[in-house]
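Only one structure is covered here, and it is reproduced in the block below.
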Amino acid sequence: PPRSTLFPYTTLFRSSSSQQLARGGPVSRDQMKAADHANVSIQANSQLSLAEISENTGGFMIANTNDLRPGLRHVTEDLDTHYELAYSPTIRSYDGRFRTIAVTVDRPEARVQTRNGYYALPFVPGQSILTYEVPMLSALSAAVLPSDIPFRSLGLHFKSSTGDPLAVVVVDVPLAGIEFARDQANHAYQTHFSVLALLKDLDGTVIRKLSQDVPRQGPIDKLDAFKNGHFIYSQYVPLPPGRYILETAVIDRQTGKLSAMKSSVLIPPSAGNLGISSLVRVRSVSPGVADTLSSDDPFQVASDKISPSLDDTTQAGPGAQVSLFFAVYVAPGSMTVPGLSIEFLQDGKPIGQGKPTLPAPDSRGIIPYIAATSLDSFKPGQYEVRVTVSQGGKTATERTLLVIE
């Protein structure tokens, strides 16, 4: 068929991209017919399709000949008599849009080969960029971080089953800040949001990208209870000791609202055969959710699953208590139980101390532990919680803050 009957690949690419990146609104005619046009084009003239792809990426196609010498001579000339130019785009916003490229030279006999453009997406070594991540990546690259949705994020340190350090990323999204659509006719609700986390070194290089797209729906009579809850996203990443940057973002896919924040993560060096993880508050414990012990998930203890809380504020009152989860590490195979001390300090002065007995370590040398403390005698204010383990003349200490209202 003549060329005019075929849908150009550049238009296909842009129609497909615009459809994937759109947050709402009507579907354009190009978007609706892109897939049909692509199938027709490929089936009608595969060579023309391949030619467009090669030309749009700065190359050319050799076809319809048994004599490959002219084409290979062309390739050889390109390799032997060419200059290669490169540049780094000064992108301020990774918005996922297509950026065109045009290269011109002032020598008429010179021939220029270049791709026709690129999509403005950040580079993450070894990982592809997913469509729903693009707005959040753009938000993290903004000069002023958006704060439309309340959420918390934190980078914690634990150890793997083999003793290697782990960075544990936790994102806590209160669902009260997310939009819910009500379908009264079908007595149902639905919501859709996404979370993203980037772990970077101090030079700003992305070491690991983590994300999850979260569509949810359910019966409308359960909506109020669901909105009062939290979505907890947690992932662990092996990282060598050092200081890192944690960048996190949340987007409400129904409204387009965004929030982003940045913080630091410290993975401490190993202190021999004795160590302690970060201290993290316990929101809840779900018993019997797993059949076997996960090798590295720090929040899975035997068949129980711990849901962490990043809220450092708790309410005082009769019967109020706070529960902290942490893990103690000893040499694998050791059956010696370290000593444990838990102190509460206010303005640097100790106001209370406990020395509970730790259980025996498992075969990996890990002692997961939940310490529950009554708050009946605590007055409102800010406190420091200091947990120290000791064994064989060595000690390891971890701290966290607690605000009592």
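Each chain in the structure tokens gets a letter, A, B and so on, in the order shown; residues start at 1 in every chain, and ligands are counted from 1 in the order they appear.
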task = Can you list, as a PyMOL selection string, all residues belonging to range 83-152 of chain A that DSSP tags as helix (DSSP H, G or I)?
result = chain A and resi 131-140
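Neighbouring residues of range 222-228 of chain A at 7 Å or closer, counting only C-alpha atoms and skipping chain neighbours under 3 positions away, are A:Leu175, A:Ala176, A:Tyr189, A:Pro219.
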Take the residues just selected and output them with N, CA, C and O atoms as a PDB file, in the first residue's frame.
ATOM      1  N   LEU A 175      -4.915   6.458  55.047  1.00  0.00           N
ATOM      2  CA  LEU A 175      -5.892   6.402  53.954  1.00  0.00           C
ATOM      3  C   LEU A 175      -6.916   7.525  54.040  1.00  0.00           C
ATOM      4  O   LEU A 175      -7.649   7.759  53.070  1.00  0.00           O
ATOM      5  N   ALA A 176      -6.978   8.236  55.158  1.00  0.00           N
ATOM      6  CA  ALA A 176      -7.898   9.372  55.262  1.00  0.00           C
ATOM      7  C   ALA A 176      -7.524  10.481  54.283  1.00  0.00           C
ATOM      8  O   ALA A 176      -8.373  11.303  53.913  1.00  0.00           O
ATOM      9  N   TYR A 189     -17.010   0.835  46.750  1.00  0.00           N
ATOM     10  CA  TYR A 189     -16.094   1.968  46.684  1.00  0.00           C
ATOM     11  C   TYR A 189     -14.848   1.529  45.921  1.00  0.00           C
ATOM     12  O   TYR A 189     -14.563   0.330  45.792  1.00  0.00           O
ATOM     13  N   PRO A 219     -16.798  -3.330  49.462  1.00  0.00           N
ATOM     14  CA  PRO A 219     -18.192  -2.960  49.758  1.00  0.00           C
ATOM     15  C   PRO A 219     -18.261  -1.603  50.442  1.00  0.00           C
ATOM     16  O   PRO A 219     -17.430  -1.283  51.298  1.00  0.00           O
TER      17      PRO A 219
END
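For the residues A:Glu247, A:Glu405, A:Asp297, A:Glu398, ranking by smallest atom-to-atom distance to Gly317 in chain A using only C-alpha atoms places A:Glu405 first.
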key: Residues flagged strand (DSSP E) by DSSP in range 57-206 of chain A, as an NGL selection string   = :A and (98-100 or 117-119 or 152-159 or 165-174 or 181-183 or 188-200 or 206)
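Taking only C-alpha atoms into account, Arg253 in chain A lies nearest to A:Thr191 out of the set A:Ser234, A:Thr191, A:Ser270, A:Ser278.
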task = Write out as a VMD selection string the residues lying within 8 Å of Leu166 in chain A, counting only C-alpha atoms and excluding same-chain residues fewer than 3 positions away.
result = chain A and resid 157 to 160 236 to 240 267
